[in-house]
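Enquirer: Pasting structure_19.pdb below, which is PDB, C-alpha atoms.
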```
ATOM      1  CA  PRO A   4      80.224 164.330 177.878
ATOM      2  CA  SER A   5      80.748 166.374 174.740
ATOM      3  CA  VAL A   6      79.327 165.000 171.528
ATOM      4  CA  LEU A   7      81.731 164.409 168.660
ATOM      5  CA  SER A   8      81.021 167.081 166.053
ATOM      6  CA  SER A   9      81.860 166.920 162.385
ATOM      7  CA  GLU A  10      83.653 170.258 162.658
ATOM      8  CA  SER A  11      86.057 168.995 165.321
ATOM      9  CA  LEU A  12      86.614 165.845 163.314
ATOM     10  CA  PHE A  13      87.254 167.817 160.164
ATOM     11  CA  TYR A  14      89.853 170.125 161.623
ATOM     12  CA  GLU A  15      91.509 167.497 163.795
ATOM     13  CA  ALA A  16      92.501 165.777 160.569
ATOM     14  CA  LYS A  17      95.231 168.409 160.021
ATOM     15  CA  PHE A  18      95.095 168.390 156.245
ATOM     16  CA  ASP A  19      98.461 170.031 155.674
ATOM     17  CA  SER A  20     100.461 167.182 154.024
ATOM     18  CA  GLY A  21     100.965 163.449 154.311
ATOM     19  CA  ILE A  22      97.274 162.912 154.930
ATOM     20  CA  GLY A  23      97.566 159.266 155.991
ATOM     21  CA  SER A  24     100.189 159.823 158.654
ATOM     22  CA  LYS A  25      98.861 163.153 159.955
ATOM     23  CA  LEU A  26      95.442 161.981 161.072
ATOM     24  CA  THR A  27      94.845 162.017 164.795
ATOM     25  CA  GLU A  28      92.259 160.244 166.909
ATOM     26  CA  PRO A  29      88.953 162.136 166.732
ATOM     27  CA  GLN A  30      88.308 164.259 169.796
ATOM     28  CA  GLY A  31      85.183 163.981 171.899
ATOM     29  CA  VAL A  32      82.832 161.081 172.396
ATOM     30  CA  ARG A  33      81.833 159.181 169.296
ATOM     31  CA  PRO A  34      78.601 157.181 168.956
ATOM     32  CA  ASP A  35      79.044 153.596 170.099
ATOM     33  CA  ASN A  36      77.982 152.161 166.765
ATOM     34  CA  ILE A  37      80.631 154.017 164.745
ATOM     35  CA  SER A  38      84.326 153.193 164.942
ATOM     36  CA  ALA A  39      87.104 155.781 165.087
ATOM     37  CA  ALA A  40      88.611 154.109 162.033
ATOM     38  CA  ALA A  41      85.429 154.828 160.084
ATOM     39  CA  PHE A  42      85.595 158.510 160.960
ATOM     40  CA  ARG A  43      89.239 158.725 159.887
ATOM     41  CA  LYS A  44      88.402 156.958 156.619
ATOM     42  CA  VAL A  45      85.606 159.457 155.971
ATOM     43  CA  LEU A  46      87.913 162.392 156.640
ATOM     44  CA  ILE A  47      90.415 161.047 154.135
ATOM     45  CA  TYR A  48      87.464 160.482 151.835
ATOM     46  CA  LEU A  49      86.441 164.142 152.028
ATOM     47  CA  HIS A  50      89.985 165.345 151.463
ATOM     48  CA  THR A  51      91.125 163.056 148.638
ATOM     49  CA  LYS A  52      87.694 162.502 147.056
ATOM     50  CA  GLU A  53      88.340 158.756 147.085
ATOM     51  CA  ILE A  54      87.208 155.990 149.371
ATOM     52  CA  GLU A  55      87.775 152.253 149.399
ATOM     53  CA  VAL A  56      85.891 149.686 151.420
ATOM     54  CA  ARG A  57      86.731 145.992 151.390
ATOM     55  CA  SER A  58      83.689 144.416 153.015
ATOM     56  CA  ASP A  59      80.007 144.919 153.698
ATOM     57  CA  ALA A  60      80.757 145.497 157.387
ATOM     58  CA  GLU A  61      83.288 148.218 156.574
ATOM     59  CA  ALA A  62      80.835 149.821 154.149
ATOM     60  CA  LEU A  63      78.177 149.939 156.840
ATOM     61  CA  ASP A  64      80.620 151.546 159.292
ATOM     62  CA  VAL A  65      81.534 154.239 156.776
ATOM     63  CA  VAL A  66      77.909 154.927 155.864
ATOM     64  CA  LEU A  67      76.982 155.437 159.509
ATOM     65  CA  ALA A  68      79.884 157.861 159.932
ATOM     66  CA  LEU A  69      78.839 159.775 156.813
ATOM     67  CA  ASP A  70      75.266 159.985 158.023
ATOM     68  CA  TYR A  71      76.372 161.197 161.447
ATOM     69  CA  LEU A  72      78.542 163.940 159.953
ATOM     70  CA  MET A  73      75.795 165.192 157.651
ATOM     71  CA  VAL A  74      73.205 165.247 160.425
ATOM     72  CA  ASN A  75      75.520 167.221 162.707
ATOM     73  CA  ASP A  76      76.911 169.610 160.114
ATOM     74  CA  GLN A  77      74.695 170.566 157.180
ATOM     75  CA  ARG A  78      77.617 172.420 155.579
ATOM     76  CA  LEU A  79      79.216 169.089 154.757
ATOM     77  CA  PHE A  80      76.165 167.590 153.077
ATOM     78  CA  ALA A  81      76.786 168.906 149.555
ATOM     79  CA  GLU A  82      80.439 167.932 149.681
ATOM     80  CA  ILE A  83      79.724 164.457 151.026
ATOM     81  CA  ALA A  84      76.905 163.853 148.538
ATOM     82  CA  GLY A  85      79.071 164.871 145.572
ATOM     83  CA  VAL A  86      81.995 162.665 146.513
ATOM     84  CA  PHE A  87      79.651 159.873 147.550
ATOM     85  CA  LYS A  88      78.206 159.516 144.040
ATOM     86  CA  VAL A  89      81.498 158.946 142.255
ATOM     87  CA  ASN A  90      82.704 156.491 144.892
ATOM     88  CA  MET A  91      79.514 154.465 145.159
ATOM     89  CA  THR A  92      79.743 150.672 145.162
ATOM     90  CA  LEU A  93      77.085 148.021 145.555
ATOM     91  CA  ASN A  94      78.124 147.177 149.104
ATOM     92  CA  ILE A  95      77.971 150.848 150.125
ATOM     93  CA  ALA A  96      74.575 151.214 148.459
ATOM     94  CA  LYS A  97      73.308 148.109 150.258
ATOM     95  CA  ALA A  98      74.525 149.520 153.575
ATOM     96  CA  VAL A  99      72.696 152.783 152.908
ATOM     97  CA  CYS A 100      69.436 150.961 152.181
ATOM     98  CA  GLU A 101      69.883 148.599 155.121
ATOM     99  CA  LYS A 102      70.208 151.484 157.561
ATOM    100  CA  SER A 103      67.734 153.719 155.713
ATOM    101  CA  VAL A 104      70.093 156.694 155.718
ATOM    102  CA  PRO A 105      67.651 159.284 154.355
ATOM    103  CA  LYS A 106      70.129 161.809 152.989
ATOM    104  CA  LEU A 107      72.041 159.185 151.013
ATOM    105  CA  ARG A 108      69.254 156.779 150.140
ATOM    106  CA  GLN A 109      68.197 158.600 146.968
ATOM    107  CA  ILE A 110      71.767 158.533 145.666
ATOM    108  CA  ALA A 111      72.106 154.834 146.499
ATOM    109  CA  GLY A 112      68.755 154.057 144.869
ATOM    110  CA  GLU A 113      69.706 155.836 141.670
ATOM    111  CA  TYR A 114      73.008 153.994 141.597
ATOM    112  CA  PHE A 115      71.207 150.663 141.935
ATOM    113  CA  LEU A 116      68.990 151.544 138.967
ATOM    114  CA  TYR A 117      71.902 152.624 136.791
ATOM    115  CA  TYR A 118      73.926 149.546 137.744
ATOM    116  CA  GLN A 119      71.051 147.188 136.985
ATOM    117  CA  GLY A 120      70.370 148.999 133.720
ATOM    118  CA  VAL A 121      73.944 148.565 132.572
ATOM    119  CA  CYS A 122      74.093 144.903 133.636
ATOM    120  CA  SER A 123      70.900 144.100 131.755
ATOM    121  CA  GLY A 124      71.972 145.953 128.634
ATOM    122  CA  ALA A 125      69.083 148.409 128.948
ATOM    123  CA  LEU A 126      71.454 151.348 129.426
ATOM    124  CA  THR A 127      74.745 152.306 127.830
ATOM    125  CA  LEU A 128      77.520 154.126 129.662
ATOM    126  CA  GLN A 129      76.704 157.282 127.742
ATOM    127  CA  GLN A 130      73.214 157.235 129.254
ATOM    128  CA  ILE A 131      74.604 157.228 132.800
ATOM    129  CA  PRO A 132      75.243 160.639 134.417
ATOM    130  CA  SER A 133      79.001 161.165 134.660
ATOM    131  CA  GLU A 134      78.915 161.509 138.457
ATOM    132  CA  TYR A 135      77.611 157.943 138.752
ATOM    133  CA  ARG A 136      80.193 156.334 136.476
ATOM    134  CA  THR A 137      82.226 154.482 139.084
ATOM    135  CA  ASN A 138      84.955 151.910 138.475
ATOM    136  CA  GLU A 139      82.495 149.231 139.521
ATOM    137  CA  LEU A 140      79.931 150.452 137.005
ATOM    138  CA  TYR A 141      82.536 150.659 134.229
ATOM    139  CA  LEU A 142      83.458 147.033 134.899
ATOM    140  CA  ALA A 143      79.808 145.949 134.906
ATOM    141  CA  ALA A 144      79.218 147.708 131.581
ATOM    142  CA  VAL A 145      82.254 146.211 129.847
ATOM    143  CA  SER A 146      81.454 142.767 131.283
ATOM    144  CA  GLN A 147      78.004 143.040 129.726
ATOM    145  CA  ASN A 148      79.301 144.361 126.398
ATOM    146  CA  GLY A 149      83.001 144.618 125.653
ATOM    147  CA  CYS A 150      82.323 147.319 123.074
ATOM    148  CA  PHE A 151      81.686 149.717 125.975
ATOM    149  CA  LEU A 152      85.449 149.785 126.577
ATOM    150  CA  SER A 153      85.654 152.710 124.182
ATOM    151  CA  ASP A 154      83.414 154.709 126.544
ATOM    152  CA  VAL A 155      85.676 154.100 129.552
ATOM    153  CA  PRO A 156      88.258 156.876 130.108
ATOM    154  CA  GLU A 157      91.784 155.550 129.630
ATOM    155  CA  ASP A 158      92.770 156.398 133.199
ATOM    156  CA  LYS A 159      89.860 154.253 134.443
ATOM    157  CA  ARG A 160      90.712 151.163 132.383
ATOM    158  CA  THR A 161      91.971 148.705 134.966
ATOM    159  CA  ALA A 162      93.441 145.290 134.205
ATOM    160  CA  GLU A 163      90.109 143.807 135.293
ATOM    161  CA  ILE A 164      88.217 145.953 132.782
ATOM    162  CA  TYR A 165      90.632 145.035 129.989
ATOM    163  CA  LEU A 166      90.208 141.361 130.902
ATOM    164  CA  ALA A 167      86.428 141.682 130.569
ATOM    165  CA  ALA A 168      86.787 143.249 127.116
ATOM    166  CA  VAL A 169      89.399 140.767 125.888
ATOM    167  CA  SER A 170      87.360 137.822 127.199
ATOM    168  CA  GLN A 171      84.497 138.896 124.958
ATOM    169  CA  GLY A 172      86.702 139.196 121.907
ATOM    170  CA  LYS A 173      86.250 142.970 121.812
ATOM    171  CA  CYS A 174      89.826 144.051 122.534
ATOM    172  CA  PHE A 175      93.082 142.953 120.920
ATOM    173  CA  LEU A 176      96.084 142.277 123.131
ATOM    174  CA  SER A 177      97.929 145.007 121.241
ATOM    175  CA  ASP A 178      95.374 147.514 122.601
ATOM    176  CA  VAL A 179      96.118 146.596 126.223
ATOM    177  CA  PRO A 180      98.933 148.693 127.766
ATOM    178  CA  GLN A 181     101.976 146.648 128.785
ATOM    179  CA  GLY A 182     101.507 147.506 132.442
ATOM    180  CA  LYS A 183      97.958 146.108 132.451
ATOM    181  CA  ARG A 184      98.731 142.747 130.828
ATOM    182  CA  THR A 185      98.190 139.931 133.316
ATOM    183  CA  PRO A 186      98.475 136.135 132.854
ATOM    184  CA  GLU A 187      94.666 136.007 132.736
ATOM    185  CA  ILE A 188      94.589 138.600 129.942
ATOM    186  CA  TYR A 189      97.204 136.708 127.928
ATOM    187  CA  LEU A 190      95.193 133.499 128.232
ATOM    188  CA  ALA A 191      91.930 135.245 127.351
ATOM    189  CA  ALA A 192      93.546 136.924 124.331
ATOM    190  CA  VAL A 193      94.798 133.589 122.993
ATOM    191  CA  SER A 194      91.457 131.924 123.737
ATOM    192  CA  GLN A 195      89.491 134.621 121.899
ATOM    193  CA  LYS A 196      92.041 134.874 119.071
ATOM    194  CA  MET A 197      92.786 138.446 120.054
ATOM    195  CA  CYS A 198      96.475 137.716 119.638
ATOM    196  CA  ILE A 199      98.802 135.011 118.345
ATOM    197  CA  LEU A 200     101.058 133.023 120.644
ATOM    198  CA  ILE A 201     104.232 134.820 119.581
ATOM    199  CA  GLU A 202     102.801 138.087 120.958
ATOM    200  CA  VAL A 203     102.832 136.605 124.455
ATOM    201  CA  PRO A 204     106.191 136.873 126.275
ATOM    202  CA  GLU A 205     107.818 133.448 126.340
ATOM    203  CA  ASP A 206     107.897 133.310 130.144
ATOM    204  CA  GLU A 207     104.110 133.885 130.169
ATOM    205  CA  ARG A 208     103.325 131.014 127.784
ATOM    206  CA  THR A 209     101.862 128.343 130.020
ATOM    207  CA  SER A 210     101.253 124.722 129.016
ATOM    208  CA  ASP A 211      97.495 125.298 128.873
ATOM    209  CA  MET A 212      97.910 128.419 126.774
ATOM    210  CA  CYS A 213     100.226 126.677 124.304
ATOM    211  CA  LEU A 214      97.893 123.714 123.988
ATOM    212  CA  LEU A 215      94.961 126.056 123.360
ATOM    213  CA  ALA A 216      96.893 128.071 120.770
ATOM    214  CA  VAL A 217      97.976 124.983 118.822
ATOM    215  CA  SER A 218      94.477 123.507 118.923
ATOM    216  CA  GLN A 219      93.201 126.711 117.306
ATOM    217  CA  ASP A 220      96.026 127.151 114.807
ATOM    218  CA  TRP A 221      98.678 124.533 114.131
ATOM    219  CA  SER A 222     101.136 127.213 112.983
ATOM    220  CA  ALA A 223     101.479 128.261 116.659
ATOM    221  CA  PHE A 224     103.455 125.052 117.218
ATOM    222  CA  LYS A 225     106.684 126.785 116.210
ATOM    223  CA  ASP A 226     106.223 129.340 119.002
ATOM    224  CA  VAL A 227     105.756 126.806 121.798
ATOM    225  CA  PRO A 228     108.740 126.743 124.204
ATOM    226  CA  GLU A 229     110.497 123.352 124.275
ATOM    227  CA  ASP A 230     109.635 122.752 127.918
ATOM    228  CA  LYS A 231     105.923 123.168 127.113
ATOM    229  CA  LYS A 232     105.869 120.533 124.368
ATOM    230  CA  THR A 233     104.097 117.584 125.935
ATOM    231  CA  GLU A 234     102.826 114.365 124.376
ATOM    232  CA  GLU A 235      99.333 115.810 124.481
ATOM    233  CA  LEU A 236     100.450 118.921 122.620
ATOM    234  CA  TYR A 237     102.288 116.839 120.015
ATOM    235  CA  LEU A 238      99.139 114.801 119.461
ATOM    236  CA  VAL A 239      96.997 117.916 119.039
ATOM    237  CA  ALA A 240      99.542 119.457 116.660
ATOM    238  CA  VAL A 241      99.749 116.487 114.266
ATOM    239  CA  SER A 242      95.972 116.097 114.410
ATOM    240  CA  ARG A 243      95.794 119.589 112.893
ATOM    241  CA  ASN A 244      98.718 119.141 110.484
ATOM    242  CA  GLY A 245     100.242 115.689 110.091
ATOM    243  CA  LEU A 246     103.405 117.065 108.500
ATOM    244  CA  LEU A 247     104.382 118.557 111.866
ATOM    245  CA  LEU A 248     105.521 115.044 112.728
ATOM    246  CA  LYS A 249     108.889 115.922 111.202
ATOM    247  CA  ASP A 250     109.348 118.639 113.859
ATOM    248  CA  ILE A 251     108.848 116.230 116.742
ATOM    249  CA  PRO A 252     111.992 114.498 118.104
ATOM    250  CA  GLU A 253     112.093 110.867 116.913
ATOM    251  CA  ASP A 254     112.133 109.513 120.442
ATOM    252  CA  LYS A 255     108.860 111.387 121.080
ATOM    253  CA  ARG A 256     107.027 110.009 118.033
ATOM    254  CA  THR A 257     104.814 107.479 119.760
ATOM    255  CA  ALA A 258     102.523 105.081 117.920
ATOM    256  CA  ALA A 259      99.514 107.237 118.810
ATOM    257  CA  ILE A 260     101.185 110.408 117.530
ATOM    258  CA  CYS A 261     102.297 108.744 114.286
ATOM    259  CA  LEU A 262      98.839 107.302 113.700
ATOM    260  CA  ALA A 263      97.213 110.693 114.220
ATOM    261  CA  ALA A 264      99.705 112.322 111.845
ATOM    262  CA  VAL A 265      99.221 109.788 109.060
ATOM    263  CA  SER A 266      95.446 109.914 109.502
ATOM    264  CA  GLN A 267      95.546 113.665 108.979
ATOM    265  CA  ASN A 268      98.042 113.628 106.097
ATOM    266  CA  ALA A 269      99.271 110.434 104.442
ATOM    267  CA  TYR A 270     102.469 112.186 103.318
ATOM    268  CA  SER A 271     103.610 112.282 106.945
ATOM    269  CA  LEU A 272     104.238 108.523 106.680
ATOM    270  CA  ARG A 273     107.785 109.343 105.560
ATOM    271  CA  TYR A 274     108.472 110.752 109.053
ATOM    272  CA  VAL A 275     107.299 107.677 110.904
ATOM    273  CA  PRO A 276     110.319 105.852 112.447
ATOM    274  CA  GLU A 277     110.917 102.430 110.900
ATOM    275  CA  ASP A 278     110.844 100.720 114.239
TER     276      ASP A 278
END
```
As structure tokens, what does this structure read like?

Expert:
Amino acid sequence: PSVLSSESLFYEAKFDSGIGSKLTEPQGVRPDNISAAAFRKVLIYLHTKEIEVRSDAEALDVVLALDYLMVNDQRLFAEIAGVFKVNMTLNIAKAVCEKSVPKLRQIAGEYFLYYQGVCSGALTLQQIPSEYRTNELYLAAVSQNGCFLSDVPEDKRTAEIYLAAVSQGKCFLSDVPQGKRTPEIYLAAVSQKMCILIEVPEDERTSDMCLLAVSQDWSAFKDVPEDKKTEELYLVAVSRNGLLLKDIPEDKRTAAICLAAVSQNAYSLRYVPED
């Protein structure tokens, strides 16, 4: 039987338009340990310069296909190696090392070193060659030090990267584009005092977020939606400023809430119901 060649695979892809829908089954006989899906993914990879793998098993499949193509067609090596660097992930690198793919192992090894350097704080993003600055590495860098956000190109700043920066108190909510603001980012921004409660859309203000905001700053009480005002929140509010007792409906002023208010500020006694 004929052996599946990288050249036949490459041209069978029919890269004229609509890459995803135009791919055809590879012709010839493929190695038993490499799936047809892996070959198609690699062809898209070479054409679009982007690849995405969702599991270690899928990464291993793709690595084997890449290795097979490079071994059978040296003309593709430079192209594969170049695209491979900027799309490297830890699971792909692990697959390369596991299978000892010689032509890709050096790239994977260098990526490991750069990734570990960033995670440990030994390297900054500016010390990493541009071809190795993957989305995964950007996230690792910002997670280690939120100040590195400034070194991440704007088109590479995902919601996950913004969350890492905000969670470290290195990025204000106002600096996060509207389209990247998630519930987790809103909560992190409030937690790290990177925004005030009123900056969070009312429908995104959860009970936990409101309670956290009021515990940090009693003035946030006025921005808590009515349906988020619980007995616990009332108690926290008056513990920070007893005079807030006047803003709590009389039928909600329990003995515990009144006691906490008066203990914080004796002048709040005037707002304690007579009964």

Enquirer: Quick one: apply the PyMOL selection byres ((chain A and resi 165) around 8) to the file and drop the selected residues here as a PDB file with C-alpha atoms, keeping the file's coordinate frame.

Expert:
```pdb
ATOM      1  CA  LEU A 152      85.449 149.785 126.577  1.00  0.00           C
ATOM      2  CA  ARG A 160      90.712 151.163 132.383  1.00  0.00           C
ATOM      3  CA  THR A 161      91.971 148.705 134.966  1.00  0.00           C
ATOM      4  CA  ALA A 162      93.441 145.290 134.205  1.00  0.00           C
ATOM      5  CA  GLU A 163      90.109 143.807 135.293  1.00  0.00           C
ATOM      6  CA  ILE A 164      88.217 145.953 132.782  1.00  0.00           C
ATOM      7  CA  LEU A 166      90.208 141.361 130.902  1.00  0.00           C
ATOM      8  CA  ALA A 167      86.428 141.682 130.569  1.00  0.00           C
ATOM      9  CA  ALA A 168      86.787 143.249 127.116  1.00  0.00           C
ATOM     10  CA  VAL A 169      89.399 140.767 125.888  1.00  0.00           C
ATOM     11  CA  CYS A 174      89.826 144.051 122.534  1.00  0.00           C
ATOM     12  CA  VAL A 179      96.118 146.596 126.223  1.00  0.00           C
ATOM     13  CA  LYS A 183      97.958 146.108 132.451  1.00  0.00           C
ATOM     14  CA  ILE A 188      94.589 138.600 129.942  1.00  0.00           C
TER      15      ILE A 188
END
```

Enquirer: Can you translate the PyMOL selection byres ((chain A and resi 265) around 10) into the concrete residues it hits in this file, as a ChimeraX atom specification?

Expert: /A:241-242,244-246,248,260-264,266-275

Enquirer: Using the chain letters and numbers from this file, what does the PyMOL selection byres ((chain A and resi 148) around 10) select? Give the answer as a PDB file with C-alpha atoms, keeping the file's coordinate frame.

Expert:
```
ATOM      1  CA  VAL A 121      73.944 148.565 132.572  1.00  0.00           C
ATOM      2  CA  CYS A 122      74.093 144.903 133.636  1.00  0.00           C
ATOM      3  CA  SER A 123      70.900 144.100 131.755  1.00  0.00           C
ATOM      4  CA  GLY A 124      71.972 145.953 128.634  1.00  0.00           C
ATOM      5  CA  THR A 127      74.745 152.306 127.830  1.00  0.00           C
ATOM      6  CA  LEU A 142      83.458 147.033 134.899  1.00  0.00           C
ATOM      7  CA  ALA A 143      79.808 145.949 134.906  1.00  0.00           C
ATOM      8  CA  ALA A 144      79.218 147.708 131.581  1.00  0.00           C
ATOM      9  CA  VAL A 145      82.254 146.211 129.847  1.00  0.00           C
ATOM     10  CA  SER A 146      81.454 142.767 131.283  1.00  0.00           C
ATOM     11  CA  GLN A 147      78.004 143.040 129.726  1.00  0.00           C
ATOM     12  CA  GLY A 149      83.001 144.618 125.653  1.00  0.00           C
ATOM     13  CA  CYS A 150      82.323 147.319 123.074  1.00  0.00           C
ATOM     14  CA  PHE A 151      81.686 149.717 125.975  1.00  0.00           C
ATOM     15  CA  LEU A 152      85.449 149.785 126.577  1.00  0.00           C
ATOM     16  CA  ALA A 167      86.428 141.682 130.569  1.00  0.00           C
ATOM     17  CA  ALA A 168      86.787 143.249 127.116  1.00  0.00           C
ATOM     18  CA  GLN A 171      84.497 138.896 124.958  1.00  0.00           C
ATOM     19  CA  LYS A 173      86.250 142.970 121.812  1.00  0.00           C
TER      20      LYS A 173
END
```

Enquirer: Please indicate the distance in Å from atom CA of A:Arg243 to atom CA of A:Ser222, rounded to one decimal place.

Expert: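 Result for atom CA of A:Arg243 versus atom CA of A:Ser222: 9.3 Å, one decimal.
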
Enquirer: Please, what distance in Å, to one decimal, runs between atom CA of A:Ser170 and atom CA of A:Leu128?

Expert: 19.2 Å
